[in-house]
Structures are given as structure tokens and as C-alpha cells.
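Listing of structure37.json; format and content: JSON, C-alpha atoms.
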[["chain", "number", "residue", "atom", "x", "y", "z"],
["U", 1, "MET", "CA", -23.84, 18.72, 15.86],
["U", 2, "ILE", "CA", -23.06, 15.01, 16.04],
["U", 3, "PHE", "CA", -19.40, 14.02, 16.21],
["U", 4, "GLU", "CA", -18.90, 10.58, 14.64],
["U", 5, "THR", "CA", -15.65, 9.21, 16.06],
["U", 6, "HIS", "CA", -15.12, 6.03, 14.03],
["U", 7, "ALA", "CA", -16.06, 5.42, 10.40],
["U", 8, "HIS", "CA", -14.57, 3.56, 7.42],
["U", 9, "TYR", "CA", -15.76, 5.46, 4.36],
["U", 10, "ASP", "CA", -12.84, 4.09, 2.36],
["U", 11, "ASP", "CA", -14.60, 0.70, 2.45],
["U", 12, "PRO", "CA", -15.83, -0.67, -0.91],
["U", 13, "ALA", "CA", -19.34, -0.80, 0.57],
["U", 14, "TYR", "CA", -19.53, 2.94, -0.26],
["U", 15, "ASP", "CA", -18.13, 2.84, -3.78],
["U", 16, "GLU", "CA", -21.54, 3.52, -5.33],
["U", 17, "ASP", "CA", -22.62, 6.49, -3.19],
["U", 18, "ARG", "CA", -19.69, 7.65, -1.03],
["U", 19, "ASP", "CA", -19.70, 11.22, -2.31],
["U", 20, "TYR", "CA", -23.48, 11.52, -2.09],
["U", 21, "LEU", "CA", -23.47, 10.32, 1.52],
["U", 22, "LEU", "CA", -20.62, 12.56, 2.65],
["U", 23, "SER", "CA", -21.97, 15.63, 0.89],
["U", 24, "HIS", "CA", -25.26, 15.30, 2.82],
["U", 25, "MET", "CA", -23.85, 14.79, 6.32],
["U", 26, "ALA", "CA", -24.10, 18.40, 7.52],
["U", 27, "GLU", "CA", -27.76, 18.75, 6.59],
["U", 28, "ASN", "CA", -28.41, 15.62, 8.65],
["U", 29, "GLY", "CA", -26.71, 16.99, 11.74],
["U", 30, "ILE", "CA", -23.32, 15.29, 11.37],
["U", 31, "GLY", "CA", -20.66, 17.92, 12.05],
["U", 32, "HIS", "CA", -17.45, 15.86, 12.23],
["U", 33, "ILE", "CA", -16.33, 12.37, 11.21],
["U", 34, "VAL", "CA", -13.14, 10.61, 12.22],
["U", 35, "CYS", "CA", -12.03, 8.40, 9.31],
["U", 36, "ALA", "CA", -10.15, 5.56, 10.96],
["U", 37, "SER", "CA", -7.47, 3.76, 8.99],
["U", 38, "ALA", "CA", -6.89, 0.05, 9.39],
["U", 39, "GLU", "CA", -4.64, -1.19, 6.58],
["U", 40, "TRP", "CA", -1.74, 0.10, 4.54],
["U", 41, "ASP", "CA", -3.58, 0.11, 1.23],
["U", 42, "SER", "CA", -6.41, 2.23, 2.68],
["U", 43, "PHE", "CA", -4.25, 5.26, 3.41],
["U", 44, "GLU", "CA", -4.50, 6.94, 0.02],
["U", 45, "ALA", "CA", -8.29, 6.59, -0.10],
["U", 46, "ILE", "CA", -8.63, 8.13, 3.35],
["U", 47, "PHE", "CA", -6.24, 10.95, 2.43],
["U", 48, "ASP", "CA", -8.49, 11.71, -0.54],
["U", 49, "ILE", "CA", -11.69, 11.69, 1.53],
["U", 50, "CYS", "CA", -10.24, 13.98, 4.20],
["U", 51, "ASN", "CA", -8.83, 16.36, 1.58],
["U", 52, "ARG", "CA", -12.20, 16.71, -0.13],
["U", 53, "TYR", "CA", -14.34, 16.90, 2.99],
["U", 54, "PRO", "CA", -12.84, 19.17, 5.69],
["U", 55, "PHE", "CA", -15.21, 17.82, 8.36],
["U", 56, "CYS", "CA", -13.56, 14.39, 7.92],
["U", 57, "HIS", "CA", -10.51, 13.88, 10.11],
["U", 58, "LEU", "CA", -7.63, 11.51, 9.39],
["U", 59, "THR", "CA", -6.15, 8.86, 11.62],
["U", 60, "LEU", "CA", -3.17, 6.66, 10.81],
["U", 61, "GLY", "CA", -2.79, 3.16, 12.16],
["U", 62, "ILE", "CA", -2.63, -0.52, 11.30],
["U", 63, "HIS", "CA", -5.41, -2.75, 12.64],
["U", 64, "PRO", "CA", -4.15, -5.79, 14.57],
["U", 65, "SER", "CA", -5.56, -8.14, 11.92],
["U", 66, "ASN", "CA", -3.23, -6.41, 9.44],
["U", 67, "SER", "CA", -0.15, -6.31, 11.70],
["U", 68, "LEU", "CA", 1.99, -8.17, 9.17],
["U", 69, "GLU", "CA", 1.69, -5.14, 6.86],
["U", 70, "LEU", "CA", 3.75, -3.05, 9.25],
["U", 71, "THR", "CA", 7.10, -4.31, 7.97],
["U", 72, "ALA", "CA", 10.49, -2.92, 8.93],
["U", 73, "GLU", "CA", 10.78, -1.35, 5.47],
["U", 74, "ARG", "CA", 7.44, 0.45, 5.82],
["U", 75, "ARG", "CA", 7.96, 1.84, 9.30],
["U", 76, "PRO", "CA", 10.07, 4.85, 8.27],
["U", 77, "VAL", "CA", 7.44, 5.64, 5.62],
["U", 78, "PHE", "CA", 4.69, 5.30, 8.22],
["U", 79, "GLU", "CA", 6.47, 7.69, 10.57],
["U", 80, "ALA", "CA", 7.03, 10.17, 7.74],
["U", 81, "LEU", "CA", 3.32, 10.06, 6.91],
["U", 82, "ILE", "CA", 2.46, 10.88, 10.52],
["U", 83, "LYS", "CA", 4.76, 13.90, 10.37],
["U", 84, "ASP", "CA", 3.41, 15.05, 7.01],
["U", 85, "LYS", "CA", -0.32, 14.31, 7.25],
["U", 86, "LYS", "CA", -0.79, 15.30, 10.90],
["U", 87, "PRO", "CA", -3.52, 12.81, 11.84],
["U", 88, "VAL", "CA", -5.80, 13.49, 14.80],
["U", 89, "ALA", "CA", -4.94, 10.09, 16.31],
["U", 90, "ILE", "CA", -2.99, 6.88, 15.87],
["U", 91, "GLY", "CA", -5.44, 4.08, 15.14],
["U", 92, "GLU", "CA", -7.07, 1.88, 14.94],
["U", 93, "ILE", "CA", -4.53, -0.27, 16.73],
["U", 94, "GLY", "CA", -4.67, -3.02, 19.33],
["U", 95, "LEU", "CA", -5.16, -6.76, 19.64],
["U", 96, "ASP", "CA", -7.61, -9.14, 17.95],
["U", 97, "TYR", "CA", -7.42, -12.74, 19.15],
["U", 98, "HIS", "CA", -10.73, -13.84, 17.63],
["U", 99, "TYR", "CA", -8.82, -15.69, 14.91],
["U", 100, "ASP", "CA", -5.43, -17.42, 15.00],
["U", 101, "GLU", "CA", -3.77, -15.06, 12.51],
["U", 102, "PRO", "CA", -1.70, -12.93, 12.53],
["U", 103, "PRO", "CA", 0.40, -14.54, 15.29],
["U", 104, "ARG", "CA", -0.21, -12.95, 18.66],
["U", 105, "GLU", "CA", 3.41, -11.96, 19.11],
["U", 106, "VAL", "CA", 3.25, -10.05, 15.81],
["U", 107, "GLN", "CA", 0.10, -8.23, 16.95],
["U", 108, "ARG", "CA", 1.63, -7.35, 20.31],
["U", 109, "GLU", "CA", 4.82, -5.98, 18.77],
["U", 110, "ALA", "CA", 2.90, -3.84, 16.23],
["U", 111, "PHE", "CA", 0.58, -2.58, 18.97],
["U", 112, "ILE", "CA", 3.42, -1.53, 21.26],
["U", 113, "TYR", "CA", 5.30, 0.09, 18.37],
["U", 114, "GLN", "CA", 2.27, 2.23, 17.49],
["U", 115, "LEU", "CA", 1.62, 3.15, 21.13],
["U", 116, "LYS", "CA", 5.20, 4.39, 21.30],
["U", 117, "LEU", "CA", 4.64, 6.46, 18.16],
["U", 118, "ALA", "CA", 1.54, 8.02, 19.73],
["U", 119, "LYS", "CA", 3.68, 9.04, 22.67],
["U", 120, "GLU", "CA", 6.43, 10.36, 20.40],
["U", 121, "PHE", "CA", 4.01, 12.44, 18.32],
["U", 122, "ASP", "CA", 1.81, 13.42, 21.28],
["U", 123, "LEU", "CA", -1.35, 11.95, 19.76],
["U", 124, "PRO", "CA", -4.30, 10.06, 21.24],
["U", 125, "VAL", "CA", -4.93, 6.44, 20.24],
["U", 126, "ILE", "CA", -7.94, 4.55, 18.93],
["U", 127, "ILE", "CA", -7.88, 1.07, 20.44],
["U", 128, "HIS", "CA", -9.35, -2.10, 18.96],
["U", 129, "SER", "CA", -9.63, -5.05, 21.37],
["U", 130, "ARG", "CA", -11.38, -8.31, 20.55],
["U", 131, "ASP", "CA", -11.11, -11.40, 22.72],
["U", 132, "ALA", "CA", -7.99, -9.86, 24.28],
["U", 133, "ALA", "CA", -9.40, -7.58, 26.98],
["U", 134, "GLU", "CA", -6.95, -8.32, 29.79],
["U", 135, "GLU", "CA", -3.81, -8.20, 27.67],
["U", 136, "THR", "CA", -4.91, -5.04, 25.87],
["U", 137, "PHE", "CA", -5.45, -3.33, 29.22],
["U", 138, "GLU", "CA", -2.07, -4.41, 30.59],
["U", 139, "ILE", "CA", -0.17, -3.23, 27.48],
["U", 140, "ILE", "CA", -1.97, 0.11, 27.50],
["U", 141, "LYS", "CA", -1.12, 0.65, 31.16],
["U", 142, "GLU", "CA", 2.55, 0.00, 30.43],
["U", 143, "TYR", "CA", 2.87, 2.04, 27.21],
["U", 144, "MET", "CA", 0.06, 4.58, 27.63],
["U", 145, "PRO", "CA", 0.55, 7.80, 25.62],
["U", 146, "PRO", "CA", -0.01, 11.09, 27.49],
["U", 147, "LYS", "CA", -2.96, 12.10, 25.30],
["U", 148, "LYS", "CA", -4.80, 8.81, 26.11],
["U", 149, "GLY", "CA", -7.55, 7.92, 23.62],
["U", 150, "VAL", "CA", -10.69, 5.87, 23.07],
["U", 151, "ILE", "CA", -11.47, 2.19, 23.49],
["U", 152, "HIS", "CA", -13.33, 1.70, 20.23],
["U", 153, "CYS", "CA", -16.37, -0.56, 19.92],
["U", 154, "PHE", "CA", -16.17, -1.41, 23.61],
["U", 155, "SER", "CA", -17.41, -4.93, 24.36],
["U", 156, "SER", "CA", -16.29, -5.74, 27.90],
["U", 157, "SER", "CA", -17.70, -5.19, 31.38],
["U", 158, "LEU", "CA", -18.67, -2.04, 33.23],
["U", 159, "GLU", "CA", -15.86, -2.82, 35.66],
["U", 160, "LEU", "CA", -13.23, -2.75, 32.91],
["U", 161, "ALA", "CA", -14.75, 0.36, 31.35],
["U", 162, "SER", "CA", -14.49, 2.05, 34.73],
["U", 163, "GLU", "CA", -10.81, 1.10, 34.97],
["U", 164, "TYR", "CA", -10.18, 2.66, 31.55],
["U", 165, "VAL", "CA", -12.01, 5.79, 32.64],
["U", 166, "LYS", "CA", -9.74, 6.01, 35.69],
["U", 167, "LEU", "CA", -6.76, 5.94, 33.31],
["U", 168, "GLY", "CA", -8.25, 8.87, 31.36],
["U", 169, "PHE", "CA", -9.57, 6.92, 28.37],
["U", 170, "LEU", "CA", -12.95, 7.42, 26.73],
["U", 171, "ILE", "CA", -15.31, 4.62, 25.69],
["U", 172, "GLY", "CA", -16.67, 4.37, 22.14],
["U", 173, "ILE", "CA", -20.32, 3.33, 22.01],
["U", 174, "GLY", "CA", -21.94, 2.28, 18.77],
["U", 175, "GLY", "CA", -24.88, 0.33, 17.40],
["U", 176, "VAL", "CA", -24.45, -2.70, 19.67],
["U", 177, "VAL", "CA", -25.95, -0.65, 22.51],
["U", 178, "THR", "CA", -29.30, -0.93, 20.69],
["U", 179, "PHE", "CA", -29.15, -4.74, 20.34],
["U", 180, "LYS", "CA", -31.30, -6.94, 22.60],
["U", 181, "ASN", "CA", -28.19, -8.96, 23.41],
["U", 182, "GLY", "CA", -26.12, -5.82, 24.09],
["U", 183, "LYS", "CA", -26.69, -6.01, 27.86],
["U", 184, "LYS", "CA", -23.07, -5.39, 28.86],
["U", 185, "LEU", "CA", -22.75, -2.30, 26.66],
["U", 186, "LYS", "CA", -26.07, -0.97, 27.95],
["U", 187, "GLU", "CA", -24.66, -1.24, 31.48],
["U", 188, "VAL", "CA", -21.54, 0.63, 30.38],
["U", 189, "ALA", "CA", -23.54, 3.35, 28.63],
["U", 190, "ALA", "CA", -25.60, 3.91, 31.77],
["U", 191, "GLY", "CA", -22.81, 3.48, 34.29],
["U", 192, "ILE", "CA", -19.78, 5.51, 33.23],
["U", 193, "PRO", "CA", -19.64, 9.32, 33.29],
["U", 194, "LEU", "CA", -21.18, 11.03, 30.27],
["U", 195, "GLU", "CA", -17.87, 12.90, 29.95],
["U", 196, "SER", "CA", -16.23, 9.54, 29.12],
["U", 197, "ILE", "CA", -18.49, 8.55, 26.21],
["U", 198, "LEU", "CA", -17.96, 8.98, 22.48],
["U", 199, "LEU", "CA", -20.47, 8.21, 19.72],
["U", 200, "GLU", "CA", -19.32, 6.01, 16.85],
["U", 201, "THR", "CA", -20.66, 3.67, 14.19],
["U", 202, "ASP", "CA", -17.70, 1.61, 12.89],
["U", 203, "CYS", "CA", -19.59, 1.88, 9.63],
["U", 204, "PRO", "CA", -20.19, 0.03, 7.36],
["U", 205, "TYR", "CA", -20.42, -2.49, 10.21],
["U", 206, "LEU", "CA", -22.72, -2.88, 13.26],
["U", 207, "ALA", "CA", -25.75, -0.87, 12.18],
["U", 208, "PRO", "CA", -28.11, -0.11, 15.08],
["U", 209, "VAL", "CA", -31.64, -1.45, 15.43],
["U", 210, "PRO", "CA", -33.88, -1.24, 13.37],
["U", 211, "HIS", "CA", -31.20, -1.39, 10.66],
["U", 212, "ARG", "CA", -29.22, -4.30, 12.13],
["U", 213, "GLY", "CA", -27.69, -6.38, 9.36],
["U", 214, "GLU", "CA", -27.77, -3.52, 6.85],
["U", 215, "ARG", "CA", -24.88, -1.31, 5.75],
["U", 216, "ASN", "CA", -24.24, 1.19, 8.51],
["U", 217, "SER", "CA", -23.53, 4.91, 8.15],
["U", 218, "SER", "CA", -23.06, 7.98, 10.33],
["U", 219, "LEU", "CA", -26.66, 8.93, 9.59],
["U", 220, "TYR", "CA", -27.76, 6.28, 12.09],
["U", 221, "ILE", "CA", -25.94, 7.83, 15.06],
["U", 222, "PRO", "CA", -29.13, 9.52, 16.37],
["U", 223, "LEU", "CA", -30.46, 6.02, 17.11],
["U", 224, "ILE", "CA", -27.39, 5.34, 19.25],
["U", 225, "ALA", "CA", -27.74, 8.67, 21.04],
["U", 226, "GLU", "CA", -31.42, 7.95, 21.70],
["U", 227, "GLU", "CA", -30.62, 4.62, 23.33],
["U", 228, "ILE", "CA", -27.90, 6.11, 25.53],
["U", 229, "ALA", "CA", -30.26, 8.92, 26.53],
["U", 230, "ALA", "CA", -32.99, 6.45, 27.47],
["U", 231, "LEU", "CA", -30.56, 4.36, 29.52],
["U", 232, "ARG", "CA", -29.33, 7.45, 31.41],
["U", 233, "GLY", "CA", -32.67, 9.23, 31.76],
["U", 234, "ILE", "CA", -31.54, 12.34, 29.88],
["U", 235, "THR", "CA", -32.33, 13.88, 26.50],
["U", 236, "LYS", "CA", -30.82, 12.83, 23.19],
["U", 237, "ASP", "CA", -29.67, 16.41, 22.66],
["U", 238, "ARG", "CA", -27.74, 16.29, 25.92],
["U", 239, "VAL", "CA", -25.95, 13.11, 24.78],
["U", 240, "ILE", "CA", -25.08, 14.67, 21.42],
["U", 241, "GLU", "CA", -23.86, 17.91, 23.01],
["U", 242, "ALA", "CA", -21.70, 16.18, 25.62],
["U", 243, "THR", "CA", -20.15, 13.62, 23.26],
["U", 244, "GLU", "CA", -19.34, 16.33, 20.72],
["U", 245, "ALA", "CA", -17.46, 18.25, 23.41],
["U", 246, "ASN", "CA", -15.70, 15.05, 24.52],
["U", 247, "ALA", "CA", -14.55, 14.28, 20.99],
["U", 248, "LYS", "CA", -13.37, 17.79, 20.22],
["U", 249, "LYS", "CA", -11.27, 17.78, 23.37],
["U", 250, "LEU", "CA", -9.76, 14.35, 22.70],
["U", 251, "PHE", "CA", -8.91, 14.99, 19.05],
["U", 252, "ASN", "CA", -7.99, 18.66, 19.56],
["U", 253, "ILE", "CA", -10.56, 19.93, 17.06],
["U", 254, "GLU", "CA", -12.16, 23.35, 17.37]]

Translate the structure of the given file into C-alpha cells.
Amino acid sequence: MIFETHAHYDDPAYDEDRDYLLSHMAENGIGHIVCASAEWDSFEAIFDICNRYPFCHLTLGIHPSNSLELTAERRPVFEALIKDKKPVAIGEIGLDYHYDEPPREVQREAFIYQLKLAKEFDLPVIIHSRDAAEETFEIIKEYMPPKKGVIHCFSSSLELASEYVKLGFLIGIGGVVTFKNGKKLKEVAAGIPLESILLETDCPYLAPVPHRGERNSSLYIPLIAEEIAALRGITKDRVIEATEANAKKLFNIE
């Protein structure tokens, strides 16, 4: 079965058909979905989804673009939620320097704080890095949790991916690998060990070809697996089997 390691089914893009989509995942070969949190106000919606659909797995984290939400007053509440809800990972967290806000020092502080929580609670991390590849790598090396994690929506070079693999991290590969201009990710998908790859969509974003520009969903993951298989000269089933095992090991899911 396919293990989808990064989805945002709390997004309003699914308000019309969320339950229909999720209730038909198993019959379409989707066995597990990691529901990644990104903002404070999304927590309750994700709790509800994961309570109603046991194959959906909770993460807790504040996306770097929302770092200002992680106030001093909220941090004890955040830590209590981690203890109570028992997420499979802390994330998605990291750095996003594509825009000028929030201030970079705010993003860095929130990132380091959440890495420390991952270490405290012995959880893997889901890392977001946009236009901040070098700094993200340096912070992770300094504050790396023992359970490691995944570099989500990887967009850098094969060389950097290989350095992350040496650290014990996995690389999340999504729809961009099917894009004509996705040359770097194609090189990564072909060049790193299969044991270091996870399948993801980041839905509703980044739908693979031929659905590029449409709303994405976990149902499109076979297209991603097919592309990785073609790049590596193996079968799609082998990609699905290996990435499922990789994800179960990382997130400690039977």
C-alpha cells in the first residue's frame, strides 16, 4: 500500500469533498497518510481528521511562515498537546526565506525551539526549507534530534541530498519530480538510495503531471512512484513497497 507522508487535508480546498476523498483512499491503494500541521488554527481540524480516519497520522508543528504564532504564552500549550496527542512527528518546521516575513531571526528561533522539542519527545521532524538550504542544513546539524526525519518537498542538489542521507535523514519526493523543469529533483530521485526516499504530495499543492496546476491529492501518488521507477530503472511496485517500509520505520507505524 502507498504511504503518503505529507498532506494538508485540513485545507479549505477540501471543504466540499474531504470526507468523500478520505473514505475512498484504501480502495485506491493508499494505506497511510501523514497529516502535516502548519499553523496554530489548523490543529483542531487535523485532530478531527485523524480521529475519524485511523490511517491518518498526526504531526504537530508550526511552519516557518507562521513562526509568529508560536508565542511564549502558547508554548506550554503546544508542549502539552505533544504529550497528549502523541504525534508521529514534529512538523512541518524549518526556514522559508522566499519572502521577507516573518523576520528571519523569528523563524530561526522557532525552528530551533521545535527541533529541541523533537529531541525532548524523541520524535522525528518534518523539515520545510525554501531559499534557505545552507542555513537549514547547518541548524539541523547542530540541533539534530536522534530520530532524524524527512526533508520535505526537497528542492536542492543531489550533493546536498546526499549530505542529508549521510546524517540519517530521508528525502521527500513529490509531484515536482514529474515536471519538465524538475531536473534537480529527478537527479536526486535517481541518485540517492531507495531506502532514503519517501513519497509525498504536499496536497493540495504541487500536483504531478498531467494534473499540474490542479488541486492535488494523495490519489496522484502513483504518478510520482512511476516517475521515480522510470528514473531508477525499477518497477513502480518496488518504489511503493520500499517507500512504505521507509515511512513506517521513520514514523514508528506498524

> Within 8 Å of Leu219 (chain U), counting all atoms listed in the file, which residues qualify if same-chain residues fewer than 6 places away don't, as number ranges by chain?
Replying inline: U: 25, 28, 30

Limited to C-alpha atoms, could you put the picked residues into a file as a PDB file, in the coordinates of the input?
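Result saved to part25.pdb:
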ATOM      1  CA  MET U  25     -23.850  14.790   6.320  1.00  0.00           C
ATOM      2  CA  ASN U  28     -28.410  15.620   8.650  1.00  0.00           C
ATOM      3  CA  ILE U  30     -23.320  15.290  11.370  1.00  0.00           C
TER       4      ILE U  30
END

Can you list every residue of region 189-218 of chain U that has an atom at most 12 Å from region 13-23 of chain U, with its nearest atom pair and the distance in Å to one decimal, using only C-alpha atoms, ordered by chain then number, as a Markdown table?
| residue | atom | partner | partner_atom | distance |
| --- | --- | --- | --- | --- |
| U:Cys203 | CA | U:Ala13 | CA | 9.5 |
| U:Pro204 | CA | U:Ala13 | CA | 6.9 |
| U:Tyr205 | CA | U:Ala13 | CA | 9.8 |
| U:Glu214 | CA | U:Ala13 | CA | 10.9 |
| U:Arg215 | CA | U:Ala13 | CA | 7.6 |
| U:Asn216 | CA | U:Ala13 | CA | 9.5 |
| U:Ser217 | CA | U:Leu21 | CA | 8.6 |
| U:Ser218 | CA | U:Leu21 | CA | 9.1 |

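Taking CA of Glu135 (chain U) and CA of Ala189 (chain U) as the two end points, the separation is 22.9 Å.
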
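In this comparison, which uses only C-alpha atoms, the residue of U:Pro76, U:Pro64, U:Pro222, U:Pro210 approaching Glu101 (chain U) most closely is U:Pro64.
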
Would you list the contacts of Phe47 (chain U) as a PDB file with C-alpha atoms, keeping the file's coordinate frame, taking every protein, DNA or RNA residue within 10 Å and counting all atoms listed in the file, but skipping same-chain residues closer than 3 positions in sequence?
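Generated file (selection.pdb):
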ATOM      1  CA  ASP U  10     -12.840   4.090   2.360  1.00  0.00           C
ATOM      2  CA  CYS U  35     -12.030   8.400   9.310  1.00  0.00           C
ATOM      3  CA  SER U  37      -7.470   3.760   8.990  1.00  0.00           C
ATOM      4  CA  SER U  42      -6.410   2.230   2.680  1.00  0.00           C
ATOM      5  CA  PHE U  43      -4.250   5.260   3.410  1.00  0.00           C
ATOM      6  CA  GLU U  44      -4.500   6.940   0.020  1.00  0.00           C
ATOM      7  CA  CYS U  50     -10.240  13.980   4.200  1.00  0.00           C
ATOM      8  CA  ASN U  51      -8.830  16.360   1.580  1.00  0.00           C
ATOM      9  CA  ARG U  52     -12.200  16.710  -0.130  1.00  0.00           C
ATOM     10  CA  CYS U  56     -13.560  14.390   7.920  1.00  0.00           C
ATOM     11  CA  HIS U  57     -10.510  13.880  10.110  1.00  0.00           C
ATOM     12  CA  LEU U  58      -7.630  11.510   9.390  1.00  0.00           C
ATOM     13  CA  THR U  59      -6.150   8.860  11.620  1.00  0.00           C
ATOM     14  CA  LEU U  60      -3.170   6.660  10.810  1.00  0.00           C
ATOM     15  CA  LYS U  85      -0.320  14.310   7.250  1.00  0.00           C
ATOM     16  CA  PRO U  87      -3.520  12.810  11.840  1.00  0.00           C
TER      17      PRO U  87
END

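Take the candidates U:Gly149, U:Pro54, U:Gly191, U:Gly175 and check each one against Ala161 (chain U) using only C-alpha atoms; the shortest distance goes to U:Gly191.
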
>> Give me, as a VMD selection string, all polymer residues having an atom no more than 10 Å from Asp237 (chain U), counting all atoms listed in the file and skipping those fewer than 4 positions away in the same chain.
In response: chain U and resid 1 to 2 222 225 to 226 229 241 to 243

Generate a file of the selected residues that holds C-alpha atoms, formatted as a PDB file, in the coordinates of the input.
ATOM      1  CA  MET U   1     -23.840  18.720  15.860  1.00  0.00           C
ATOM      2  CA  ILE U   2     -23.060  15.010  16.040  1.00  0.00           C
ATOM      3  CA  PRO U 222     -29.130   9.520  16.370  1.00  0.00           C
ATOM      4  CA  ALA U 225     -27.740   8.670  21.040  1.00  0.00           C
ATOM      5  CA  GLU U 226     -31.420   7.950  21.700  1.00  0.00           C
ATOM      6  CA  ALA U 229     -30.260   8.920  26.530  1.00  0.00           C
ATOM      7  CA  GLU U 241     -23.860  17.910  23.010  1.00  0.00           C
ATOM      8  CA  ALA U 242     -21.700  16.180  25.620  1.00  0.00           C
ATOM      9  CA  THR U 243     -20.150  13.620  23.260  1.00  0.00           C
TER      10      THR U 243
END

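Distances from U:Arg130, U:Glu109, U:Leu199, U:Ser162 to Ile240 (chain U) were compared using only C-alpha atoms, and the smallest one belongs to U:Leu199.
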
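Comparing the minimum interatomic distances between Arg238 (chain U) and each of U:Leu194, U:Ile126, U:Leu170, U:Ile62, counting all atoms listed in the file, we find that U:Leu194 sits nearest.
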
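Taking CA of Lys147 (chain U) and CA of Pro124 (chain U) as the two end points, the separation is 4.7 Å.
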
>> Using all atoms listed in the file and a cutoff of 9 Å, can you tell me which residues are near (-11.6, -8.0, 25.2) in the file's coordinates, and write them out as JSON, numbers by chain?
In response: {"U": [95, 96, 97, 128, 129, 130, 131, 132, 133, 134, 135, 136, 137, 154, 155, 156]}

>> Taking all atoms listed in the file into account, name the residue in U:Leu70, U:Ile224, U:Val176, U:Ile192 that is nearest to Glu159 (chain U).
In response: U:Ile192

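With all atoms listed in the file as the atoms that count, the minimum distance from Gly91 (chain U) to the choices U:Leu123, U:Val177, U:Leu160, U:Val106 is reached by U:Leu123.
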
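Taking CA of Glu227 (chain U) and CA of Thr178 (chain U) as endpoints, the distance between them is 6.3 Å.
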
Can you give me N, CA and C atoms for region 157-176 of chain U, written as a short mmCIF file (atom, residue, chain, number, x, y, z; two decimals), keeping the file's coordinate frame?
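Output (part.cif):
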data_model
loop_
_atom_site.label_atom_id
_atom_site.label_comp_id
_atom_site.auth_asym_id
_atom_site.auth_seq_id
_atom_site.Cartn_x
_atom_site.Cartn_y
_atom_site.Cartn_z
N SER U 157 -16.83 -5.46 30.23
CA SER U 157 -17.70 -5.19 31.38
C SER U 157 -17.67 -3.72 31.81
N LEU U 158 -18.65 -3.36 32.62
CA LEU U 158 -18.67 -2.04 33.23
C LEU U 158 -17.46 -1.85 34.12
N GLU U 159 -17.02 -2.91 34.78
CA GLU U 159 -15.86 -2.82 35.66
C GLU U 159 -14.61 -2.45 34.87
N LEU U 160 -14.40 -3.09 33.72
CA LEU U 160 -13.23 -2.75 32.91
C LEU U 160 -13.35 -1.35 32.32
N ALA U 161 -14.54 -1.00 31.87
CA ALA U 161 -14.75 0.36 31.35
C ALA U 161 -14.40 1.40 32.41
N SER U 162 -14.78 1.12 33.64
CA SER U 162 -14.49 2.05 34.73
C SER U 162 -12.99 2.17 34.98
N GLU U 163 -12.27 1.06 34.82
CA GLU U 163 -10.81 1.10 34.97
C GLU U 163 -10.18 1.95 33.87
N TYR U 164 -10.68 1.82 32.64
CA TYR U 164 -10.18 2.66 31.55
C TYR U 164 -10.47 4.13 31.81
N VAL U 165 -11.65 4.41 32.33
CA VAL U 165 -12.01 5.79 32.64
C VAL U 165 -11.06 6.37 33.69
N LYS U 166 -10.69 5.55 34.67
CA LYS U 166 -9.74 6.01 35.69
C LYS U 166 -8.39 6.36 35.07
N LEU U 167 -8.02 5.66 34.00
CA LEU U 167 -6.76 5.94 33.31
C LEU U 167 -6.85 7.20 32.45
N GLY U 168 -8.07 7.68 32.20
CA GLY U 168 -8.25 8.87 31.36
C GLY U 168 -8.73 8.56 29.96
N PHE U 169 -9.08 7.29 29.70
CA PHE U 169 -9.57 6.92 28.37
C PHE U 169 -11.08 7.14 28.27
N LEU U 170 -11.53 7.33 27.02
CA LEU U 170 -12.95 7.42 26.73
C LEU U 170 -13.41 6.08 26.14
N ILE U 171 -14.72 5.88 26.15
CA ILE U 171 -15.31 4.62 25.69
C ILE U 171 -16.19 4.89 24.47
N GLY U 172 -15.89 4.22 23.36
CA GLY U 172 -16.67 4.37 22.14
C GLY U 172 -17.89 3.47 22.16
N ILE U 173 -19.06 4.07 21.98
CA ILE U 173 -20.32 3.33 22.01
C ILE U 173 -21.02 3.46 20.67
N GLY U 174 -21.32 2.31 20.09
CA GLY U 174 -21.94 2.28 18.77
C GLY U 174 -23.25 1.50 18.78
N GLY U 175 -23.57 0.95 17.61
CA GLY U 175 -24.88 0.33 17.40
C GLY U 175 -25.21 -0.84 18.30
N VAL U 176 -24.19 -1.53 18.82
CA VAL U 176 -24.45 -2.70 19.67
C VAL U 176 -25.27 -2.33 20.89
#
